[in-house]
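What's in my_file.cif: mmCIF, N, CA and C atoms
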```cif
data_protein
loop_
_atom_site.label_atom_id
_atom_site.label_comp_id
_atom_site.auth_asym_id
_atom_site.auth_seq_id
_atom_site.Cartn_x
_atom_site.Cartn_y
_atom_site.Cartn_z
N MET C 1 -55.24 6.33 73.66
CA MET C 1 -54.39 6.87 72.65
C MET C 1 -55.17 6.97 71.34
N MET C 2 -54.98 8.08 70.64
CA MET C 2 -55.71 8.32 69.40
C MET C 2 -54.94 7.72 68.22
N LYS C 3 -55.69 7.01 67.40
CA LYS C 3 -55.08 6.38 66.23
C LYS C 3 -55.28 7.29 65.02
N LEU C 4 -54.18 7.55 64.27
CA LEU C 4 -54.27 8.41 63.08
C LEU C 4 -54.89 7.62 61.93
N PRO C 5 -55.67 8.29 61.11
CA PRO C 5 -56.25 7.61 59.96
C PRO C 5 -55.16 7.20 58.96
N PHE C 6 -55.42 6.19 58.16
CA PHE C 6 -54.46 5.61 57.23
C PHE C 6 -54.06 6.58 56.11
N PHE C 7 -54.98 7.46 55.70
CA PHE C 7 -54.70 8.31 54.54
C PHE C 7 -53.67 9.41 54.81
N LEU C 8 -53.35 9.72 56.03
CA LEU C 8 -52.37 10.77 56.31
C LEU C 8 -50.97 10.40 55.81
N PRO C 9 -50.45 9.23 56.04
CA PRO C 9 -49.12 8.95 55.51
C PRO C 9 -49.09 9.00 53.97
N ARG C 10 -50.14 8.55 53.35
CA ARG C 10 -50.20 8.60 51.89
C ARG C 10 -50.23 10.05 51.40
N ALA C 11 -51.00 10.89 52.07
CA ALA C 11 -51.06 12.30 51.72
C ALA C 11 -49.70 12.95 51.94
N ALA C 12 -49.01 12.56 52.97
CA ALA C 12 -47.68 13.12 53.22
C ALA C 12 -46.70 12.68 52.13
N ARG C 13 -46.81 11.44 51.68
CA ARG C 13 -45.93 10.95 50.60
C ARG C 13 -46.22 11.71 49.31
N LEU C 14 -47.48 11.93 49.01
CA LEU C 14 -47.84 12.67 47.80
C LEU C 14 -47.32 14.11 47.85
N ALA C 15 -47.44 14.73 49.01
CA ALA C 15 -46.94 16.10 49.16
C ALA C 15 -45.43 16.14 48.98
N ALA C 16 -44.72 15.16 49.51
CA ALA C 16 -43.26 15.11 49.37
C ALA C 16 -42.88 14.90 47.91
N CYS C 17 -43.59 14.04 47.20
CA CYS C 17 -43.31 13.81 45.77
C CYS C 17 -43.56 15.07 44.95
N ALA C 18 -44.64 15.76 45.26
CA ALA C 18 -44.96 16.99 44.54
C ALA C 18 -43.89 18.05 44.80
N GLY C 19 -43.45 18.16 46.04
CA GLY C 19 -42.39 19.12 46.37
C GLY C 19 -41.09 18.78 45.66
N LEU C 20 -40.75 17.49 45.61
CA LEU C 20 -39.54 17.06 44.93
C LEU C 20 -39.62 17.35 43.43
N ALA C 21 -40.78 17.11 42.83
CA ALA C 21 -40.95 17.38 41.41
C ALA C 21 -40.80 18.87 41.12
N LEU C 22 -41.35 19.72 41.97
CA LEU C 22 -41.20 21.16 41.78
C LEU C 22 -39.75 21.60 41.94
N ALA C 23 -39.07 21.04 42.91
CA ALA C 23 -37.67 21.40 43.14
C ALA C 23 -36.79 20.97 41.97
N LEU C 24 -37.01 19.78 41.44
CA LEU C 24 -36.20 19.31 40.31
C LEU C 24 -36.54 20.08 39.04
N GLY C 25 -37.77 20.46 38.88
CA GLY C 25 -38.17 21.22 37.71
C GLY C 25 -37.51 22.59 37.67
N ALA C 26 -37.20 23.15 38.81
CA ALA C 26 -36.54 24.45 38.88
C ALA C 26 -35.07 24.36 38.53
N CYS C 27 -34.52 23.17 38.38
CA CYS C 27 -33.10 23.01 38.07
C CYS C 27 -32.83 23.03 36.59
N GLY C 28 -33.77 23.42 35.77
CA GLY C 28 -33.60 23.38 34.32
C GLY C 28 -32.71 24.46 33.76
N GLY C 29 -32.30 25.45 34.52
CA GLY C 29 -31.46 26.52 34.02
C GLY C 29 -32.29 27.70 33.58
N ASP C 30 -31.58 28.79 33.24
CA ASP C 30 -32.28 30.01 32.88
C ASP C 30 -32.49 30.18 31.39
N GLY C 31 -32.01 29.23 30.60
CA GLY C 31 -32.20 29.31 29.15
C GLY C 31 -31.22 30.25 28.47
N GLY C 32 -30.30 30.84 29.24
CA GLY C 32 -29.32 31.75 28.66
C GLY C 32 -28.18 30.98 28.04
N ALA C 33 -27.22 31.73 27.51
CA ALA C 33 -26.05 31.11 26.90
C ALA C 33 -25.24 30.38 27.96
N SER C 34 -24.71 29.26 27.58
CA SER C 34 -23.91 28.49 28.53
C SER C 34 -22.51 29.06 28.60
N SER C 35 -21.84 28.81 29.70
CA SER C 35 -20.49 29.33 29.85
C SER C 35 -19.49 28.48 29.08
N GLY C 36 -19.92 27.34 28.54
CA GLY C 36 -19.03 26.47 27.80
C GLY C 36 -18.72 26.98 26.41
N GLY C 37 -19.40 28.03 25.95
CA GLY C 37 -19.12 28.60 24.66
C GLY C 37 -19.78 27.85 23.51
N ALA C 38 -20.61 26.90 23.79
CA ALA C 38 -21.27 26.15 22.73
C ALA C 38 -22.33 27.02 22.07
N SER C 39 -22.38 27.00 20.75
CA SER C 39 -23.38 27.78 20.04
C SER C 39 -24.66 26.97 19.92
N PRO C 40 -25.80 27.64 19.74
CA PRO C 40 -27.06 26.91 19.60
C PRO C 40 -27.03 26.05 18.34
N PRO C 41 -27.80 24.98 18.32
CA PRO C 41 -27.79 24.11 17.15
C PRO C 41 -28.34 24.83 15.92
N ALA C 42 -27.81 24.49 14.77
CA ALA C 42 -28.28 25.08 13.52
C ALA C 42 -29.70 24.60 13.24
N PRO C 43 -30.55 25.47 12.68
CA PRO C 43 -31.92 25.04 12.38
C PRO C 43 -31.91 23.95 11.31
N LYS C 44 -32.91 23.09 11.38
CA LYS C 44 -33.06 22.02 10.38
C LYS C 44 -33.44 22.65 9.05
N THR C 45 -32.86 22.13 7.99
CA THR C 45 -33.15 22.68 6.67
C THR C 45 -33.74 21.62 5.75
N ASP C 46 -34.44 22.07 4.72
CA ASP C 46 -34.98 21.21 3.68
C ASP C 46 -34.46 21.71 2.34
N THR C 47 -34.31 20.79 1.39
CA THR C 47 -33.89 21.16 0.04
C THR C 47 -35.00 20.84 -0.93
N LEU C 48 -35.35 21.83 -1.73
CA LEU C 48 -36.34 21.66 -2.79
C LEU C 48 -35.60 21.81 -4.10
N SER C 49 -35.88 20.92 -5.02
CA SER C 49 -35.24 20.98 -6.33
C SER C 49 -36.24 20.55 -7.38
N GLY C 50 -35.92 20.86 -8.63
CA GLY C 50 -36.81 20.50 -9.72
C GLY C 50 -36.42 21.25 -10.97
N THR C 51 -37.39 21.44 -11.85
CA THR C 51 -37.16 22.13 -13.11
C THR C 51 -38.20 23.23 -13.28
N ALA C 52 -37.73 24.39 -13.69
CA ALA C 52 -38.62 25.50 -14.04
C ALA C 52 -38.68 25.55 -15.56
N ALA C 53 -39.90 25.43 -16.08
CA ALA C 53 -40.02 25.37 -17.54
C ALA C 53 -41.39 25.86 -17.99
N THR C 54 -41.43 26.35 -19.22
CA THR C 54 -42.68 26.77 -19.87
C THR C 54 -42.90 25.95 -21.14
N GLY C 55 -42.27 24.83 -21.24
CA GLY C 55 -42.14 24.05 -22.48
C GLY C 55 -40.67 24.08 -22.83
N ALA C 56 -40.09 25.26 -22.73
CA ALA C 56 -38.63 25.44 -22.79
C ALA C 56 -38.16 25.74 -21.37
N ALA C 57 -36.91 25.45 -21.09
CA ALA C 57 -36.36 25.70 -19.76
C ALA C 57 -36.37 27.19 -19.43
N VAL C 58 -36.66 27.50 -18.17
CA VAL C 58 -36.51 28.87 -17.69
C VAL C 58 -35.07 28.95 -17.17
N ALA C 59 -34.18 29.39 -18.05
CA ALA C 59 -32.74 29.36 -17.76
C ALA C 59 -32.28 30.59 -16.99
N ASN C 60 -31.33 30.37 -16.09
CA ASN C 60 -30.65 31.44 -15.35
C ASN C 60 -31.61 32.42 -14.68
N ALA C 61 -32.66 31.89 -14.08
CA ALA C 61 -33.67 32.71 -13.42
C ALA C 61 -33.57 32.51 -11.90
N THR C 62 -34.02 33.51 -11.17
CA THR C 62 -34.03 33.42 -9.71
C THR C 62 -35.26 32.65 -9.26
N VAL C 63 -35.04 31.59 -8.49
CA VAL C 63 -36.12 30.80 -7.90
C VAL C 63 -36.22 31.19 -6.43
N THR C 64 -37.40 31.60 -6.00
CA THR C 64 -37.62 31.99 -4.61
C THR C 64 -38.51 30.96 -3.95
N VAL C 65 -38.12 30.52 -2.75
CA VAL C 65 -38.91 29.58 -1.96
C VAL C 65 -39.24 30.27 -0.64
N VAL C 66 -40.52 30.23 -0.25
CA VAL C 66 -40.97 30.81 1.01
C VAL C 66 -41.61 29.70 1.84
N ASN C 67 -41.18 29.57 3.11
CA ASN C 67 -41.76 28.53 3.97
C ASN C 67 -42.96 29.07 4.74
N ALA C 68 -43.58 28.22 5.53
CA ALA C 68 -44.79 28.59 6.27
C ALA C 68 -44.52 29.67 7.31
N ALA C 69 -43.27 29.79 7.75
CA ALA C 69 -42.91 30.82 8.73
C ALA C 69 -42.63 32.16 8.07
N GLY C 70 -42.65 32.20 6.73
CA GLY C 70 -42.41 33.44 6.01
C GLY C 70 -40.95 33.67 5.66
N THR C 71 -40.09 32.72 5.96
CA THR C 71 -38.68 32.83 5.63
C THR C 71 -38.49 32.52 4.15
N ALA C 72 -37.70 33.33 3.46
CA ALA C 72 -37.47 33.13 2.03
C ALA C 72 -36.02 32.74 1.78
N ALA C 73 -35.82 31.95 0.74
CA ALA C 73 -34.48 31.58 0.27
C ALA C 73 -34.53 31.59 -1.25
N THR C 74 -33.40 31.92 -1.87
CA THR C 74 -33.36 31.99 -3.33
C THR C 74 -32.23 31.14 -3.89
N GLY C 75 -32.40 30.80 -5.15
CA GLY C 75 -31.38 30.07 -5.89
C GLY C 75 -31.54 30.41 -7.36
N LYS C 76 -30.62 29.95 -8.17
CA LYS C 76 -30.67 30.21 -9.62
C LYS C 76 -30.92 28.92 -10.37
N SER C 77 -31.73 29.02 -11.42
CA SER C 77 -31.91 27.86 -12.30
C SER C 77 -30.74 27.81 -13.26
N GLY C 78 -30.39 26.61 -13.68
CA GLY C 78 -29.31 26.44 -14.64
C GLY C 78 -29.81 26.65 -16.06
N ALA C 79 -28.94 26.42 -17.00
CA ALA C 79 -29.29 26.58 -18.41
C ALA C 79 -30.39 25.60 -18.82
N ASP C 80 -30.49 24.47 -18.10
CA ASP C 80 -31.51 23.47 -18.39
C ASP C 80 -32.77 23.66 -17.54
N GLY C 81 -32.84 24.75 -16.76
CA GLY C 81 -34.01 25.05 -15.94
C GLY C 81 -33.99 24.39 -14.57
N ARG C 82 -33.01 23.53 -14.31
CA ARG C 82 -32.96 22.85 -13.02
C ARG C 82 -32.49 23.81 -11.93
N TYR C 83 -33.07 23.64 -10.75
CA TYR C 83 -32.72 24.48 -9.60
C TYR C 83 -32.65 23.61 -8.35
N SER C 84 -32.02 24.15 -7.32
CA SER C 84 -31.99 23.53 -6.00
C SER C 84 -31.86 24.65 -4.99
N VAL C 85 -32.79 24.68 -4.03
CA VAL C 85 -32.80 25.73 -3.00
C VAL C 85 -32.91 25.06 -1.64
N THR C 86 -32.06 25.47 -0.71
CA THR C 86 -32.12 24.97 0.67
C THR C 86 -32.70 26.07 1.54
N ILE C 87 -33.66 25.67 2.38
CA ILE C 87 -34.39 26.63 3.22
C ILE C 87 -34.62 26.03 4.60
N GLU C 88 -34.81 26.89 5.59
CA GLU C 88 -35.13 26.43 6.93
C GLU C 88 -36.42 25.62 6.89
N SER C 89 -36.40 24.48 7.55
CA SER C 89 -37.52 23.55 7.50
C SER C 89 -38.75 24.11 8.19
N ALA C 90 -39.81 24.36 7.42
CA ALA C 90 -41.11 24.80 7.93
C ALA C 90 -42.12 24.66 6.80
N PRO C 91 -42.45 23.40 6.44
CA PRO C 91 -43.38 23.20 5.32
C PRO C 91 -44.77 23.71 5.67
N PRO C 92 -45.59 23.97 4.67
CA PRO C 92 -45.40 23.82 3.24
C PRO C 92 -44.63 25.00 2.65
N TYR C 93 -44.31 24.88 1.36
CA TYR C 93 -43.48 25.86 0.68
C TYR C 93 -44.18 26.40 -0.57
N LEU C 94 -44.00 27.69 -0.84
CA LEU C 94 -44.46 28.32 -2.07
C LEU C 94 -43.23 28.66 -2.88
N LEU C 95 -43.23 28.30 -4.17
CA LEU C 95 -42.09 28.54 -5.04
C LEU C 95 -42.49 29.50 -6.13
N LYS C 96 -41.53 30.36 -6.55
CA LYS C 96 -41.80 31.37 -7.57
C LYS C 96 -40.57 31.52 -8.45
N VAL C 97 -40.79 31.67 -9.75
CA VAL C 97 -39.72 31.97 -10.70
C VAL C 97 -40.27 32.93 -11.74
N SER C 98 -39.41 33.85 -12.20
CA SER C 98 -39.80 34.78 -13.27
C SER C 98 -39.07 34.37 -14.54
N THR C 99 -39.82 34.29 -15.64
CA THR C 99 -39.22 33.94 -16.92
C THR C 99 -38.53 35.17 -17.50
N GLY C 100 -37.75 34.97 -18.56
CA GLY C 100 -37.07 36.08 -19.21
C GLY C 100 -38.04 37.10 -19.79
N SER C 101 -39.25 36.66 -20.14
CA SER C 101 -40.24 37.58 -20.71
C SER C 101 -41.06 38.30 -19.64
N GLY C 102 -40.76 38.04 -18.38
CA GLY C 102 -41.47 38.71 -17.28
C GLY C 102 -42.64 37.94 -16.72
N THR C 103 -42.94 36.78 -17.25
CA THR C 103 -44.02 35.95 -16.71
C THR C 103 -43.56 35.35 -15.39
N VAL C 104 -44.44 35.36 -14.39
CA VAL C 104 -44.12 34.79 -13.09
C VAL C 104 -44.86 33.46 -12.96
N LEU C 105 -44.12 32.41 -12.60
CA LEU C 105 -44.69 31.08 -12.40
C LEU C 105 -44.60 30.70 -10.94
N TYR C 106 -45.58 29.92 -10.48
CA TYR C 106 -45.63 29.49 -9.08
C TYR C 106 -45.80 27.98 -8.98
N SER C 107 -45.42 27.46 -7.82
CA SER C 107 -45.67 26.06 -7.50
C SER C 107 -45.77 25.93 -5.98
N PHE C 108 -46.15 24.75 -5.53
CA PHE C 108 -46.39 24.47 -4.11
C PHE C 108 -45.75 23.14 -3.77
N ALA C 109 -45.15 23.04 -2.59
CA ALA C 109 -44.59 21.78 -2.11
C ALA C 109 -45.02 21.57 -0.67
N ALA C 110 -45.58 20.41 -0.41
CA ALA C 110 -46.00 20.07 0.96
C ALA C 110 -44.82 19.66 1.82
N ALA C 111 -43.73 19.25 1.18
CA ALA C 111 -42.53 18.81 1.90
C ALA C 111 -41.33 18.96 0.98
N ALA C 112 -40.16 18.72 1.53
CA ALA C 112 -38.93 18.79 0.74
C ALA C 112 -38.96 17.73 -0.35
N GLY C 113 -38.20 17.96 -1.40
CA GLY C 113 -38.12 16.99 -2.49
C GLY C 113 -38.16 17.69 -3.83
N THR C 114 -38.69 16.99 -4.83
CA THR C 114 -38.73 17.51 -6.19
C THR C 114 -40.05 18.21 -6.46
N THR C 115 -39.96 19.46 -6.91
CA THR C 115 -41.14 20.24 -7.26
C THR C 115 -40.83 21.04 -8.52
N ASN C 116 -41.57 20.79 -9.57
CA ASN C 116 -41.40 21.54 -10.81
C ASN C 116 -42.24 22.80 -10.77
N ILE C 117 -41.79 23.81 -11.52
CA ILE C 117 -42.50 25.09 -11.59
C ILE C 117 -42.84 25.32 -13.06
N THR C 118 -44.14 25.27 -13.37
CA THR C 118 -44.58 25.34 -14.77
C THR C 118 -45.86 26.19 -14.85
N PRO C 119 -46.31 26.49 -16.06
CA PRO C 119 -47.60 27.17 -16.19
C PRO C 119 -48.75 26.34 -15.60
N LEU C 120 -48.66 25.01 -15.67
CA LEU C 120 -49.72 24.17 -15.10
C LEU C 120 -49.76 24.25 -13.58
N THR C 121 -48.60 24.30 -12.93
CA THR C 121 -48.61 24.43 -11.45
C THR C 121 -49.13 25.80 -11.05
N THR C 122 -48.81 26.81 -11.86
CA THR C 122 -49.33 28.16 -11.60
C THR C 122 -50.85 28.17 -11.72
N LEU C 123 -51.37 27.54 -12.76
CA LEU C 123 -52.81 27.48 -12.98
C LEU C 123 -53.50 26.70 -11.85
N ALA C 124 -52.89 25.60 -11.43
CA ALA C 124 -53.47 24.81 -10.33
C ALA C 124 -53.56 25.63 -9.05
N LEU C 125 -52.52 26.39 -8.74
CA LEU C 125 -52.57 27.23 -7.54
C LEU C 125 -53.58 28.34 -7.68
N HIS C 126 -53.68 28.92 -8.86
CA HIS C 126 -54.66 29.99 -9.10
C HIS C 126 -56.08 29.46 -8.92
N ASP C 127 -56.35 28.29 -9.48
CA ASP C 127 -57.71 27.72 -9.40
C ASP C 127 -58.02 27.20 -8.00
N ALA C 128 -56.99 26.85 -7.22
CA ALA C 128 -57.21 26.35 -5.86
C ALA C 128 -57.67 27.48 -4.94
N GLY C 129 -57.29 28.71 -5.27
CA GLY C 129 -57.62 29.87 -4.42
C GLY C 129 -59.01 30.25 -4.61
#
```
So, in terms of structure tokens, how does the structure I just supplied come out?
Amino acid sequence: MMKLPFFLPRAARLAACAGLALALGACGGDGGASSGGASPPAPKTDTLSGTAATGAAVANATVTVVNAAGTAATGKSGADGRYSVTIESAPPYLLKVSTGSGTVLYSFAAAAGTTNITPLTTLALHDAG
């Protein structure tokens, strides 16, 4: 009688495990909308806030924030130059505000939080390029 080598049962077990893993992996669904009517989760957002100023507040100006994905969001500065803008989370962020005299100021934020927009932040970004 011929004796089978020891490695065959182990090879058979490995093949069965691989087949089971492939079969279970195919049960993940088609990625389409579910029949339960649930909507996809809302994207994560970040809030950037701070003050836009040139020495005096940049009042009632549009503040634009652009994330790394190219998505833009806008907000208005108050009479004291303070602003708050919520945007889809994708840091870093570029911020822009136009003064009443037509001067455009820029700033940069690596993450959500407080970021001021001033002539100095504009100069820093200009010199960094």
Exercise: segment 77-87 of chain C partners within 8 Å, all atoms listed in the file, chain neighbours under 3 positions left out, as an mmCIF file with N, CA and C atoms, in the coordinates of the input:
```cif
data_model
loop_
_atom_site.group_PDB
_atom_site.id
_atom_site.type_symbol
_atom_site.label_atom_id
_atom_site.label_comp_id
_atom_site.auth_asym_id
_atom_site.auth_seq_id
_atom_site.Cartn_x
_atom_site.Cartn_y
_atom_site.Cartn_z
ATOM 1 N N PRO C 43 -30.550 25.470 12.680
ATOM 2 C CA PRO C 43 -31.920 25.040 12.380
ATOM 3 C C PRO C 43 -31.910 23.950 11.310
ATOM 4 N N LYS C 44 -32.910 23.090 11.380
ATOM 5 C CA LYS C 44 -33.060 22.020 10.380
ATOM 6 C C LYS C 44 -33.440 22.650 9.050
ATOM 7 N N THR C 45 -32.860 22.130 7.990
ATOM 8 C CA THR C 45 -33.150 22.680 6.670
ATOM 9 C C THR C 45 -33.740 21.620 5.750
ATOM 10 N N ASP C 46 -34.440 22.070 4.720
ATOM 11 C CA ASP C 46 -34.980 21.210 3.680
ATOM 12 C C ASP C 46 -34.460 21.710 2.340
ATOM 13 N N THR C 47 -34.310 20.790 1.390
ATOM 14 C CA THR C 47 -33.890 21.160 0.040
ATOM 15 C C THR C 47 -35.000 20.840 -0.930
ATOM 16 N N LEU C 48 -35.350 21.830 -1.730
ATOM 17 C CA LEU C 48 -36.340 21.660 -2.790
ATOM 18 C C LEU C 48 -35.600 21.810 -4.100
ATOM 19 N N SER C 49 -35.880 20.920 -5.020
ATOM 20 C CA SER C 49 -35.240 20.980 -6.330
ATOM 21 C C SER C 49 -36.240 20.550 -7.380
ATOM 22 N N GLY C 50 -35.920 20.860 -8.630
ATOM 23 C CA GLY C 50 -36.810 20.500 -9.720
ATOM 24 C C GLY C 50 -36.420 21.250 -10.970
ATOM 25 N N THR C 51 -37.390 21.440 -11.850
ATOM 26 C CA THR C 51 -37.160 22.130 -13.110
ATOM 27 C C THR C 51 -38.200 23.230 -13.280
ATOM 28 N N ALA C 52 -37.730 24.390 -13.690
ATOM 29 C CA ALA C 52 -38.620 25.500 -14.040
ATOM 30 C C ALA C 52 -38.680 25.550 -15.560
ATOM 31 N N ALA C 53 -39.900 25.430 -16.080
ATOM 32 C CA ALA C 53 -40.020 25.370 -17.540
ATOM 33 C C ALA C 53 -41.390 25.860 -17.990
ATOM 34 N N ALA C 56 -40.090 25.260 -22.730
ATOM 35 C CA ALA C 56 -38.630 25.440 -22.790
ATOM 36 C C ALA C 56 -38.160 25.740 -21.370
ATOM 37 N N ALA C 57 -36.910 25.450 -21.090
ATOM 38 C CA ALA C 57 -36.360 25.700 -19.760
ATOM 39 C C ALA C 57 -36.370 27.190 -19.430
ATOM 40 N N VAL C 58 -36.660 27.500 -18.170
ATOM 41 C CA VAL C 58 -36.510 28.870 -17.690
ATOM 42 C C VAL C 58 -35.070 28.950 -17.170
ATOM 43 N N ALA C 59 -34.180 29.390 -18.050
ATOM 44 C CA ALA C 59 -32.740 29.360 -17.760
ATOM 45 C C ALA C 59 -32.280 30.590 -16.990
ATOM 46 N N ASN C 60 -31.330 30.370 -16.090
ATOM 47 C CA ASN C 60 -30.650 31.440 -15.350
ATOM 48 C C ASN C 60 -31.610 32.420 -14.680
ATOM 49 N N ALA C 61 -32.660 31.890 -14.080
ATOM 50 C CA ALA C 61 -33.670 32.710 -13.420
ATOM 51 C C ALA C 61 -33.570 32.510 -11.900
ATOM 52 N N THR C 62 -34.020 33.510 -11.170
ATOM 53 C CA THR C 62 -34.030 33.420 -9.710
ATOM 54 C C THR C 62 -35.260 32.650 -9.260
ATOM 55 N N VAL C 63 -35.040 31.590 -8.490
ATOM 56 C CA VAL C 63 -36.120 30.800 -7.900
ATOM 57 C C VAL C 63 -36.220 31.190 -6.430
ATOM 58 N N THR C 64 -37.400 31.600 -6.000
ATOM 59 C CA THR C 64 -37.620 31.990 -4.610
ATOM 60 C C THR C 64 -38.510 30.960 -3.950
ATOM 61 N N VAL C 65 -38.120 30.520 -2.750
ATOM 62 C CA VAL C 65 -38.910 29.580 -1.960
ATOM 63 C C VAL C 65 -39.240 30.270 -0.640
ATOM 64 N N VAL C 66 -40.520 30.230 -0.250
ATOM 65 C CA VAL C 66 -40.970 30.810 1.010
ATOM 66 C C VAL C 66 -41.610 29.700 1.840
ATOM 67 N N ASN C 67 -41.180 29.570 3.110
ATOM 68 C CA ASN C 67 -41.760 28.530 3.970
ATOM 69 C C ASN C 67 -42.960 29.070 4.740
ATOM 70 N N THR C 71 -40.090 32.720 5.960
ATOM 71 C CA THR C 71 -38.680 32.830 5.630
ATOM 72 C C THR C 71 -38.490 32.520 4.150
ATOM 73 N N ALA C 72 -37.700 33.330 3.460
ATOM 74 C CA ALA C 72 -37.470 33.130 2.030
ATOM 75 C C ALA C 72 -36.020 32.740 1.780
ATOM 76 N N ALA C 73 -35.820 31.950 0.740
ATOM 77 C CA ALA C 73 -34.480 31.580 0.270
ATOM 78 C C ALA C 73 -34.530 31.590 -1.250
ATOM 79 N N THR C 74 -33.400 31.920 -1.870
ATOM 80 C CA THR C 74 -33.360 31.990 -3.330
ATOM 81 C C THR C 74 -32.230 31.140 -3.890
ATOM 82 N N ALA C 90 -39.810 24.360 7.420
ATOM 83 C CA ALA C 90 -41.110 24.800 7.930
ATOM 84 C C ALA C 90 -42.120 24.660 6.800
#
```
Checklist entry - Could you spell out the hits of the PyMOL selection byres ((chain C and resi 94) around 8) on the shown file, as a list in words? => result Thr64, Val65, Val66, Asn67, Ala68, Pro91, Pro92, Tyr93, Leu95, Lys96, Val97, Tyr106, Ser107, Phe108, Ala109 and Ala110 of chain C
Can you translate the PyMOL selection byres (((chain C and resi 118 and name CA) around 7) and name CA) into the concrete residues it hits in this file, as a JSON list (two decimals) with N, CA and C atoms, in the frame of the given file?
```json
[["chain", "number", "residue", "atom", "x", "y", "z"],
["C", 52, "ALA", "N", -37.73, 24.39, -13.69],
["C", 52, "ALA", "CA", -38.62, 25.50, -14.04],
["C", 52, "ALA", "C", -38.68, 25.55, -15.56],
["C", 53, "ALA", "N", -39.90, 25.43, -16.08],
["C", 53, "ALA", "CA", -40.02, 25.37, -17.54],
["C", 53, "ALA", "C", -41.39, 25.86, -17.99],
["C", 54, "THR", "N", -41.43, 26.35, -19.22],
["C", 54, "THR", "CA", -42.68, 26.77, -19.87],
["C", 54, "THR", "C", -42.90, 25.95, -21.14],
["C", 105, "LEU", "N", -44.12, 32.41, -12.60],
["C", 105, "LEU", "CA", -44.69, 31.08, -12.40],
["C", 105, "LEU", "C", -44.60, 30.70, -10.94],
["C", 116, "ASN", "N", -41.57, 20.79, -9.57],
["C", 116, "ASN", "CA", -41.40, 21.54, -10.81],
["C", 116, "ASN", "C", -42.24, 22.80, -10.77],
["C", 117, "ILE", "N", -41.79, 23.81, -11.52],
["C", 117, "ILE", "CA", -42.50, 25.09, -11.59],
["C", 117, "ILE", "C", -42.84, 25.32, -13.06],
["C", 119, "PRO", "N", -46.31, 26.49, -16.06],
["C", 119, "PRO", "CA", -47.60, 27.17, -16.19],
["C", 119, "PRO", "C", -48.75, 26.34, -15.60],
["C", 120, "LEU", "N", -48.66, 25.01, -15.67],
["C", 120, "LEU", "CA", -49.72, 24.17, -15.10],
["C", 120, "LEU", "C", -49.76, 24.25, -13.58],
["C", 121, "THR", "N", -48.60, 24.30, -12.93],
["C", 121, "THR", "CA", -48.61, 24.43, -11.45],
["C", 121, "THR", "C", -49.13, 25.80, -11.05],
["C", 122, "THR", "N", -48.81, 26.81, -11.86],
["C", 122, "THR", "CA", -49.33, 28.16, -11.60],
["C", 122, "THR", "C", -50.85, 28.17, -11.72]]
```
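The coordinates place atom N of Ser89 of chain C at 10.1 Å from atom CA of Ala111 of chain C.
For the atom pair formed by atom CA of Glu88 of chain C and atom CA of Ala42 of chain C, the distance is 9.6 Å, given to one decimal.
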Item to check | Coordinates-based distance that separates atom C of Ala69 of chain C from atom C of Leu123 of chain C (Å, one decimal) | outcome: 23.3 Å
Write out as AutoDock Vina command-line options an axis-aligned box for segment 37-47 of chain C: all of its atoms listed in the file, 5 Å added on each side, centre and edge lengths in Å with one decimal.
```
--center_x -27.1 --center_y 24.7 --center_z 12.5 --size_x 25.9 --size_y 17.8 --size_z 36.9
```
